[in-house]
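S.K.: Quick one, work-v3.csv (CSV, C-alpha atoms):
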```csv
chain,number,residue,atom,x,y,z
A,2,MET,CA,120.4,112.8,80.6
A,3,ASN,CA,123.7,114.2,79.3
A,4,ALA,CA,125.4,110.8,79.7
A,5,LEU,CA,122.5,109.2,77.8
A,6,GLY,CA,122.9,111.7,75.0
A,7,ALA,CA,126.7,111.1,74.9
A,8,GLY,CA,126.1,107.3,74.7
A,9,LEU,CA,123.6,107.8,71.9
A,10,ALA,CA,126.0,110.0,70.0
A,11,MET,CA,128.6,107.2,70.1
A,12,LEU,CA,126.2,105.0,68.1
A,13,THR,CA,127.8,106.7,65.1
A,14,ALA,CA,130.8,104.5,65.6
A,15,LEU,CA,128.7,101.7,64.1
A,16,GLY,CA,128.7,103.4,60.7
A,17,ALA,CA,132.4,104.3,60.9
A,18,GLY,CA,133.3,100.7,61.8
A,19,PHE,CA,131.2,99.3,58.9
A,20,GLY,CA,132.7,101.7,56.4
A,21,MET,CA,136.2,100.9,57.5
A,22,CYS,CA,135.5,97.2,57.3
A,23,LEU,CA,134.2,97.6,53.7
A,24,ALA,CA,137.2,99.6,52.7
A,25,THR,CA,139.7,97.1,54.3
A,26,ALA,CA,137.9,94.1,52.7
A,27,LYS,CA,138.2,95.6,49.3
A,28,ALA,CA,141.8,96.6,49.8
A,29,VAL,CA,142.6,93.0,50.8
A,30,GLU,CA,141.0,91.8,47.7
A,31,ALA,CA,142.9,94.3,45.6
A,32,VAL,CA,146.2,93.3,47.1
A,33,ALA,CA,145.5,89.6,46.6
A,34,ARG,CA,144.8,90.3,42.9
A,35,GLN,CA,147.7,92.7,42.4
A,36,PRO,CA,150.4,92.3,45.0
A,37,GLU,CA,152.8,94.6,43.2
A,38,ALA,CA,150.4,97.6,43.7
A,39,SER,CA,150.2,97.1,47.5
A,40,GLY,CA,152.1,100.3,48.3
A,41,LYS,CA,149.7,102.5,46.5
A,42,ILE,CA,146.7,100.6,47.8
A,43,ASN,CA,148.0,100.9,51.3
A,44,SER,CA,148.2,104.7,51.1
A,45,ILE,CA,144.8,105.0,49.6
A,46,LEU,CA,143.4,102.7,52.2
A,47,LEU,CA,144.9,104.8,55.0
A,48,LEU,CA,143.4,107.9,53.5
A,49,GLY,CA,139.9,106.3,53.1
A,50,CYS,CA,140.0,104.8,56.6
A,51,ALA,CA,140.9,108.3,58.0
A,52,LEU,CA,137.9,109.8,56.2
A,53,ALA,CA,135.6,107.0,57.3
A,54,GLU,CA,136.9,107.3,60.9
A,55,SER,CA,136.3,111.0,61.0
A,56,THR,CA,132.5,110.5,61.5
A,57,ALA,CA,133.3,108.5,64.6
A,58,ILE,CA,135.7,111.2,65.8
A,59,TYR,CA,133.0,113.9,65.4
A,60,ALA,CA,130.7,111.7,67.4
A,61,PHE,CA,133.4,111.3,70.0
A,62,VAL,CA,133.9,115.1,70.2
A,63,VAL,CA,130.2,115.7,70.5
A,64,ALA,CA,129.9,113.0,73.2
A,65,LEU,CA,132.8,114.6,75.1
A,66,VAL,CA,131.1,118.0,74.9
A,67,LEU,CA,127.9,116.5,76.3
A,68,ALA,CA,129.6,114.4,79.0
A,69,VAL,CA,132.2,116.9,80.3
A,70,LYS,CA,130.5,119.5,82.5
B,1,MET,CA,144.9,91.9,105.1
B,2,THR,CA,144.7,91.5,101.3
B,3,GLN,CA,147.9,93.4,100.9
B,4,ILE,CA,149.7,91.0,103.1
B,5,ILE,CA,148.4,88.1,101.0
B,6,LEU,CA,149.4,89.8,97.8
B,7,LEU,CA,152.9,90.5,99.3
B,8,CYS,CA,153.2,86.7,100.2
B,9,ILE,CA,152.1,85.7,96.7
B,10,SER,CA,154.6,88.1,95.1
B,11,ALA,CA,157.4,86.9,97.4
B,12,VAL,CA,156.6,83.2,96.5
B,13,SER,CA,156.5,83.9,92.8
B,14,LEU,CA,159.8,85.9,93.0
B,15,CYS,CA,161.5,83.0,94.9
B,16,PHE,CA,160.3,80.4,92.4
B,17,GLY,CA,161.4,82.7,89.5
B,18,PHE,CA,164.9,83.2,90.9
B,19,ILE,CA,165.3,79.5,91.7
B,20,GLY,CA,164.2,78.7,88.2
B,21,LEU,CA,166.7,81.2,86.7
B,22,ALA,CA,169.5,79.9,88.9
B,23,PHE,CA,168.7,76.4,87.7
B,24,ALA,CA,168.7,77.5,84.1
B,25,LYS,CA,172.1,79.1,84.5
B,26,SER,CA,173.7,76.1,86.2
B,27,SER,CA,172.2,73.6,83.8
B,28,LYS,CA,173.4,75.5,80.8
B,29,THR,CA,176.7,73.5,80.6
B,30,ALA,CA,174.9,70.1,80.8
B,31,ASN,CA,172.7,70.3,77.7
B,32,GLY,CA,169.9,67.9,78.3
B,33,ASP,CA,166.4,68.5,77.1
B,34,ASP,CA,166.8,71.7,75.2
B,35,LYS,CA,163.2,72.5,74.5
B,36,LYS,CA,162.1,71.8,78.1
B,37,ALA,CA,164.9,73.9,79.5
B,38,LYS,CA,163.9,76.8,77.3
B,39,LYS,CA,160.3,76.5,78.4
B,40,ARG,CA,161.4,76.4,82.1
B,41,LYS,CA,163.6,79.5,81.6
B,42,ARG,CA,160.8,81.4,80.0
B,43,LEU,CA,158.4,80.4,82.8
B,44,SER,CA,160.8,81.5,85.5
B,45,ILE,CA,161.4,84.9,83.7
B,46,ALA,CA,157.6,85.4,83.6
B,47,LEU,CA,157.3,84.5,87.2
B,48,THR,CA,160.1,86.9,88.2
B,49,LEU,CA,158.5,89.7,86.3
B,50,PHE,CA,155.1,89.1,87.7
B,51,GLY,CA,156.4,88.8,91.3
B,52,GLY,CA,158.4,92.0,90.9
B,53,TRP,CA,155.4,93.9,89.5
B,54,LEU,CA,153.1,92.6,92.2
B,55,LEU,CA,155.7,93.5,95.0
B,56,ILE,CA,156.3,97.0,93.7
B,57,GLY,CA,152.7,97.7,93.0
B,58,THR,CA,151.5,96.5,96.4
B,59,LEU,CA,154.2,98.5,98.2
B,60,VAL,CA,153.4,101.7,96.2
B,61,SER,CA,149.7,101.3,96.8
B,62,MET,CA,150.3,100.7,100.5
B,63,PHE,CA,152.2,103.9,101.0
B,64,SER,CA,150.5,106.2,98.5
B,65,ALA,CA,147.2,107.9,98.9
B,66,LYS,CA,146.2,107.1,95.3
B,67,LYS,CA,143.6,104.4,95.4
B,68,ALA,CA,142.8,102.2,92.4
B,69,GLY,CA,139.4,102.7,90.9
B,70,LEU,CA,137.4,104.3,88.1
B,71,LYS,CA,137.8,107.9,89.0
B,72,ILE,CA,138.6,109.8,85.9
B,73,GLU,CA,138.5,113.6,85.5
B,74,PHE,CA,139.6,115.4,82.4
B,75,ALA,CA,138.8,118.7,80.8
B,76,LEU,CA,137.9,119.4,77.2
B,77,PHE,CA,140.2,122.4,77.4
B,78,SER,CA,143.4,122.5,79.2
B,79,ASP,CA,144.0,124.4,82.6
B,80,ARG,CA,145.2,127.9,82.5
B,81,ILE,CA,148.0,129.5,84.3
B,82,SER,CA,148.9,133.2,84.5
B,83,ILE,CA,152.3,134.4,83.3
B,84,PHE,CA,153.1,138.1,83.8
B,85,GLY,CA,149.4,138.8,84.3
B,86,PHE,CA,148.3,137.0,81.2
B,87,SER,CA,146.1,133.9,81.5
B,88,ILE,CA,147.6,131.3,79.2
B,89,ALA,CA,146.6,127.7,78.6
B,90,LYS,CA,149.2,125.2,79.7
B,91,THR,CA,149.3,123.6,76.3
B,92,VAL,CA,150.3,126.9,74.7
B,93,VAL,CA,153.3,127.1,77.1
B,94,ILE,CA,154.2,123.5,76.2
B,95,SER,CA,153.9,124.2,72.5
B,96,PHE,CA,156.2,127.2,73.0
B,97,CYS,CA,158.7,124.9,74.8
B,98,ILE,CA,158.5,122.4,71.8
B,99,THR,CA,159.0,125.2,69.3
B,100,GLY,CA,162.0,126.4,71.3
B,101,THR,CA,163.5,122.9,71.5
B,102,VAL,CA,163.0,122.3,67.8
B,103,LEU,CA,164.6,125.7,67.0
B,104,ILE,CA,167.6,125.1,69.2
B,105,LEU,CA,168.0,121.5,67.9
B,106,GLY,CA,167.8,122.8,64.3
B,107,THR,CA,170.4,125.6,64.9
B,108,VAL,CA,172.8,123.2,66.6
B,109,PHE,CA,172.4,120.6,63.8
B,110,ARG,CA,172.8,123.3,61.1
B,111,LEU,CA,175.9,124.8,62.7
B,112,PHE,CA,177.8,121.8,64.1
B,113,VAL,CA,176.5,118.6,62.7
B,114,PHE,CA,175.5,119.2,59.1
B,115,PRO,CA,178.9,120.7,58.0
B,116,LYS,CA,180.6,117.4,59.0
B,117,PHE,CA,178.3,115.4,56.7
B,118,SER,CA,180.1,114.1,53.6
B,119,PRO,CA,178.1,113.9,50.4
B,120,ASP,CA,180.0,110.8,49.2
B,121,ASP,CA,179.7,108.3,51.9
B,122,PRO,CA,176.8,108.9,54.2
B,123,LYS,CA,176.8,107.0,57.5
B,124,GLY,CA,174.8,106.8,60.7
B,125,PHE,CA,172.8,109.8,61.6
B,126,GLN,CA,173.2,111.3,58.1
B,127,ASN,CA,171.4,108.3,56.6
B,128,VAL,CA,168.4,108.8,58.9
B,129,ILE,CA,168.1,112.5,58.0
B,130,GLU,CA,168.5,111.8,54.3
B,131,ILE,CA,165.9,109.0,54.3
B,132,ALA,CA,163.4,111.2,56.1
B,133,VAL,CA,163.9,114.3,53.8
B,134,GLU,CA,164.0,112.2,50.6
B,135,ALA,CA,160.8,110.4,51.6
B,136,MET,CA,159.1,113.7,52.3
B,137,GLU,CA,160.2,115.2,49.0
B,138,ASN,CA,159.0,112.2,47.0
B,139,PHE,CA,155.8,112.3,48.9
B,140,ALA,CA,155.3,116.0,48.1
B,141,LYS,CA,156.3,115.6,44.4
B,142,ASN,CA,153.4,113.3,43.7
B,143,SER,CA,150.7,115.5,44.9
B,144,LEU,CA,152.0,119.1,45.0
B,145,LEU,CA,153.5,119.1,41.5
B,146,ASP,CA,155.4,122.4,40.8
B,147,TYR,CA,155.0,123.7,44.4
B,148,SER,CA,156.6,120.7,46.1
B,149,GLY,CA,159.8,122.7,46.6
B,150,GLN,CA,158.0,125.3,48.6
B,151,LEU,CA,155.6,123.2,50.5
B,152,ALA,CA,157.6,120.1,51.4
B,153,PRO,CA,159.7,121.9,54.1
B,154,TYR,CA,156.5,123.2,55.7
B,155,MET,CA,155.0,119.7,55.7
B,156,PHE,CA,158.2,118.3,57.3
B,157,THR,CA,158.1,121.1,59.9
B,158,LEU,CA,154.5,120.1,60.7
B,159,ALA,CA,155.5,116.5,61.1
B,160,VAL,CA,158.4,117.3,63.4
B,161,TYR,CA,156.2,119.5,65.5
B,162,MET,CA,153.5,116.9,65.8
B,163,ILE,CA,155.9,114.1,66.6
B,164,PHE,CA,157.6,116.2,69.3
B,165,SER,CA,154.2,117.1,70.8
B,166,ALA,CA,153.4,113.4,71.0
B,167,PHE,CA,156.6,112.9,73.0
B,168,THR,CA,155.5,115.4,75.7
B,169,GLU,CA,152.7,113.1,76.6
B,170,LEU,CA,155.3,110.6,77.7
B,171,PHE,CA,156.5,113.1,80.3
B,172,GLY,CA,153.0,113.3,81.7
B,173,LEU,CA,152.2,116.6,80.2
B,174,ARG,CA,149.2,117.4,78.0
B,175,ALA,CA,150.2,117.4,74.4
B,176,PRO,CA,149.5,120.6,72.4
B,177,THR,CA,147.8,118.5,69.7
B,178,SER,CA,145.2,117.4,72.2
B,179,ASP,CA,144.0,121.0,72.5
B,180,LEU,CA,141.5,122.2,70.0
B,181,THR,CA,143.1,125.7,69.6
B,182,SER,CA,146.4,124.2,68.4
B,183,THR,CA,144.9,121.8,65.9
B,184,PHE,CA,142.5,124.4,64.6
B,185,ALA,CA,145.4,126.8,64.0
B,186,MET,CA,147.1,124.0,61.9
B,187,GLY,CA,143.8,123.4,60.0
B,188,LEU,CA,143.5,127.2,59.3
B,189,ILE,CA,147.1,127.2,57.9
B,190,THR,CA,146.1,124.4,55.5
B,191,PHE,CA,142.9,126.3,54.5
B,192,PHE,CA,145.0,129.4,53.8
B,193,LEU,CA,147.5,127.4,51.7
B,194,ILE,CA,144.8,125.7,49.7
B,195,ASN,CA,143.3,129.0,48.7
B,196,TYR,CA,146.7,130.8,48.2
B,197,TYR,CA,148.1,128.1,45.9
B,198,GLY,CA,144.7,127.7,44.1
B,199,ILE,CA,144.6,131.4,43.3
B,200,LYS,CA,148.3,131.5,42.5
B,201,LYS,CA,147.9,128.8,40.0
B,202,LYS,CA,144.6,129.7,38.3
B,203,GLY,CA,143.8,133.2,39.3
B,204,VAL,CA,140.8,134.4,41.2
B,205,ALA,CA,138.4,133.9,38.2
B,206,GLY,CA,139.8,130.4,37.5
B,207,ARG,CA,139.4,129.4,41.2
B,208,ILE,CA,135.8,130.5,41.2
B,209,LYS,CA,135.2,128.8,37.8
B,210,GLY,CA,136.7,125.6,39.2
B,211,MET,CA,134.2,125.6,42.0
B,212,ALA,CA,131.3,125.5,39.5
B,213,LYS,CA,132.9,122.6,37.6
B,214,PRO,CA,130.1,120.2,36.7
B,215,THR,CA,127.2,122.6,36.9
B,216,PRO,CA,126.9,126.0,38.7
B,217,LEU,CA,124.3,124.3,41.0
B,218,VAL,CA,127.0,122.7,43.1
B,219,PHE,CA,128.6,126.1,43.9
B,220,PRO,CA,127.2,126.5,47.4
B,221,MET,CA,128.1,122.8,48.2
B,222,LYS,CA,131.7,123.4,47.1
B,223,ILE,CA,132.0,126.5,49.2
B,224,LEU,CA,130.6,124.6,52.2
B,225,SER,CA,132.9,121.7,51.7
B,226,ASP,CA,135.9,124.1,51.4
B,227,VAL,CA,134.9,125.8,54.7
B,228,ALA,CA,134.5,122.4,56.3
B,229,VAL,CA,138.1,121.4,55.5
B,230,PRO,CA,139.9,123.1,58.4
B,231,VAL,CA,137.1,122.1,60.9
B,232,SER,CA,137.3,118.5,59.9
B,233,LEU,CA,141.1,118.4,60.0
B,234,ALA,CA,141.2,120.1,63.4
B,235,CYS,CA,138.4,117.9,64.9
B,236,ARG,CA,140.0,114.7,63.5
B,237,LEU,CA,143.4,115.4,65.1
B,238,PHE,CA,142.0,116.7,68.3
B,239,GLY,CA,139.6,113.8,68.8
B,240,ASN,CA,142.2,111.2,68.1
B,241,MET,CA,144.8,112.8,70.4
B,242,LEU,CA,142.3,113.4,73.2
B,243,GLY,CA,141.0,109.8,72.8
B,244,GLY,CA,144.5,108.4,73.2
B,245,MET,CA,145.1,110.6,76.3
B,246,ILE,CA,141.8,109.5,77.9
B,247,VAL,CA,142.6,105.9,77.3
B,248,MET,CA,146.0,106.3,79.0
B,249,ASP,CA,144.4,108.2,81.9
B,250,LEU,CA,141.8,105.5,82.3
B,251,LEU,CA,144.4,102.8,82.4
B,252,LYS,CA,146.5,104.7,85.0
B,253,SER,CA,143.5,105.4,87.2
B,254,VAL,CA,142.2,101.8,87.1
B,255,LEU,CA,145.6,100.4,88.0
B,256,GLY,CA,146.3,103.0,90.7
B,257,GLY,CA,149.4,102.0,92.6
B,258,TYR,CA,150.0,99.0,90.3
B,259,ALA,CA,150.7,101.3,87.3
B,260,VAL,CA,154.3,100.2,87.2
B,261,GLY,CA,155.1,98.4,84.0
B,262,ILE,CA,151.9,98.3,82.1
B,263,PRO,CA,151.2,102.0,81.1
B,264,PRO,CA,154.5,102.4,79.2
B,265,VAL,CA,153.8,99.4,77.1
B,266,ALA,CA,150.4,100.6,76.2
B,267,GLY,CA,151.9,104.1,75.7
B,268,LEU,CA,154.0,102.7,72.9
B,269,TYR,CA,150.8,102.4,70.9
B,270,PHE,CA,148.7,105.3,72.3
B,271,ASN,CA,151.5,107.8,72.6
B,272,LEU,CA,153.9,106.9,69.8
B,273,PHE,CA,152.3,104.8,67.0
B,274,HIS,CA,148.9,106.4,67.1
B,275,PRO,CA,150.2,110.0,66.8
B,276,ALA,CA,152.6,109.0,64.1
B,277,ILE,CA,149.7,107.6,62.0
B,278,GLN,CA,147.6,110.8,62.7
B,279,THR,CA,150.6,112.9,61.6
B,280,TYR,CA,150.8,111.0,58.4
B,281,ILE,CA,147.0,111.3,57.8
B,282,PHE,CA,147.0,115.1,58.5
B,283,ILE,CA,149.9,115.7,56.1
B,284,ILE,CA,148.4,113.4,53.4
B,285,LEU,CA,145.0,115.1,53.7
B,286,SER,CA,146.6,118.6,53.5
B,287,MET,CA,148.5,117.6,50.4
B,288,THR,CA,145.4,116.0,48.8
B,289,PHE,CA,143.3,119.2,49.3
B,290,ILE,CA,146.1,121.4,48.0
B,291,ASN,CA,146.4,119.1,45.0
B,292,GLU,CA,142.7,119.3,44.4
B,293,ALA,CA,143.0,123.1,44.3
B,294,ILE,CA,146.0,123.4,41.9
B,295,GLU,CA,145.0,120.7,39.5
```
Take the structure in the file and write it out as structure tokens.

M.R.:
Amino acid sequence: MNALGAGLAMLTALGAGFGMCLATAKAVEAVARQPEASGKINSILLLGCALAESTAIYAFVVALVLAVK
Amino acid sequence: MTQIILLCISAVSLCFGFIGLAFAKSSKTANGDDKKAKKRKRLSIALTLFGGWLLIGTLVSMFSAKKAGLKIEFALFSDRISIFGFSIAKTVVISFCITGTVLILGTVFRLFVFPKFSPDDPKGFQNVIEIAVEAMENFAKNSLLDYSGQLAPYMFTLAVYMIFSAFTELFGLRAPTSDLTSTFAMGLITFFLINYYGIKKKGVAGRIKGMAKPTPLVFPMKILSDVAVPVSLACRLFGNMLGGMIVMDLLKSVLGGYAVGIPPVAGLYFNLFHPAIQTYIFIILSMTFINEAIE
């Protein structure tokens, strides 16, 4: 049962992956439009990806707490 | 039985590889088909590597009790050992070791290496240090405004500590950053800094007023999101580091005795590149939160 819960918790990764894909797609568009601003866009993208990834990380921690006995 | 077959395969591929290498060396003077020779040389190098890997792996798995297979065991919190009657987590001991190493290195550099640096023509190691320090200072100047002089050294210290703790994983120890206590301590320091500099810049009344910025209705939300900052910072770092460690453990346990050349290559990503990215993110996020408080 615990393993099942852990697996369900990891479904959150779907959302994180989708969010990161949206951010990256927009960043690629922005760089294509303005290549000279790529440095700034890069740092903002990294920050946004980290924030989007954090939901997946929380899910991962919850899954670990459930799975490790 | 299978091991004998594997040994035969590795021996054959080693033989072919060595023969190919010898051919490539002897035919170097007579330049015939250049592209074909290059291809043959690459193939023989690959064959030699594969044969060597198979041979060593089979020999190791023959004589060691470690069997390949999906048998992973890890703990959310690290094991404890007792020193002088105190029960201390192993990661704490490792982090003390890291702190000691950094202190000794810093003292040695300050006393013996830095006086030899010349301000006019930097070369070698001085360049590396200067690039790192300058990058950090520019970084801090953008987001920390007037306080960059005070906070940039702390951020650099944090980066050094986290990079060093990533190195310990290469020695097979558990990194302090993959323990929740250590990352939570760092998150709490960031929380303290946010409030300290926010109050220093605007005063207590200004800080409280800044929390009710658009309407007073958002006040509880802002308090909640402020309290969530250290938790989210700590959990992010902890989850990422633990994830990398678990992936490496899985790889090692799956390969068993054959874990000869592959884990170090994967470790380049999971133990060096990944922690570096996480260090960058931790520092950037801390700076962004402090910037939000003092702006």

S.K.: Could you tell me how far atom CA of Gly257 of chain B sits from atom CA of Gly57 of chain B, in Å to one decimal place?

M.R.: 5.4 Å

S.K.: For chain B against chain A, which residues fall within 9 Å using all atoms listed in the file, given as a PDB file with C-alpha atoms, in the coordinates of the input?

M.R.:
```pdb
ATOM      1  CA  GLU B  73     138.500 113.600  85.500  1.00  0.00           C
ATOM      2  CA  PHE B  74     139.600 115.400  82.400  1.00  0.00           C
ATOM      3  CA  ALA B  75     138.800 118.700  80.800  1.00  0.00           C
ATOM      4  CA  LEU B  76     137.900 119.400  77.200  1.00  0.00           C
ATOM      5  CA  SER B 232     137.300 118.500  59.900  1.00  0.00           C
ATOM      6  CA  LEU B 233     141.100 118.400  60.000  1.00  0.00           C
ATOM      7  CA  CYS B 235     138.400 117.900  64.900  1.00  0.00           C
ATOM      8  CA  ARG B 236     140.000 114.700  63.500  1.00  0.00           C
ATOM      9  CA  LEU B 237     143.400 115.400  65.100  1.00  0.00           C
ATOM     10  CA  PHE B 238     142.000 116.700  68.300  1.00  0.00           C
ATOM     11  CA  GLY B 239     139.600 113.800  68.800  1.00  0.00           C
ATOM     12  CA  ASN B 240     142.200 111.200  68.100  1.00  0.00           C
ATOM     13  CA  GLY B 243     141.000 109.800  72.800  1.00  0.00           C
ATOM     14  CA  ILE B 277     149.700 107.600  62.000  1.00  0.00           C
ATOM     15  CA  GLN B 278     147.600 110.800  62.700  1.00  0.00           C
ATOM     16  CA  ILE B 281     147.000 111.300  57.800  1.00  0.00           C
ATOM     17  CA  ILE B 284     148.400 113.400  53.400  1.00  0.00           C
ATOM     18  CA  LEU B 285     145.000 115.100  53.700  1.00  0.00           C
TER      19      LEU B 285
END
```

S.K.: For a quick check of understanding, using all atoms listed in the file, which of A:Val32, A:Gly6, A:Gly40, A:Ala53 has the smallest distance to Phe19 of chain A?

M.R.: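 Of all the options, A:Ala53 lies closest to Phe19 of chain A.
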
S.K.: How many Å separate atom CA of Phe63 of chain B from atom CA of Glu169 of chain B?

M.R.: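 That distance, rounded to one decimal, is 26.1 Å.
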
S.K.: Residues near segment 170-187 of chain B, anyone? I mean within 9 Å using only C-alpha atoms, not counting same-chain ones fewer than 2 positions away, as a PyMOL selection string.

M.R.: chain B and resi 76-78+90-95+158+162+165-168+189-192+229-243+245+264+267+271-272+286

S.K.: I'd like the contact shell of Ile208 of chain B - 12 Å cut-off, only C-alpha atoms, skipping same-chain residues fewer than 3 positions apart - returned as an NGL selection string.

M.R.: :B and (195 or 198-199 or 202-205 or 211-213 or 216 or 218-220 or 222-223 or 293)

S.K.: What's the separation between atom CA of Phe23 of chain B and atom CA of Lys41 of chain B, in Å to one decimal place?

M.R.: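 Atom-to-atom, atom CA of Phe23 of chain B to atom CA of Lys41 of chain B, that is 8.5 Å.
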
S.K.: Which residue is closest to Asn291 of chain B? Choose from B:Ser225, B:Asn138, B:Thr279, B:Ser148 and count all atoms listed in the file.

M.R.: B:Ser148
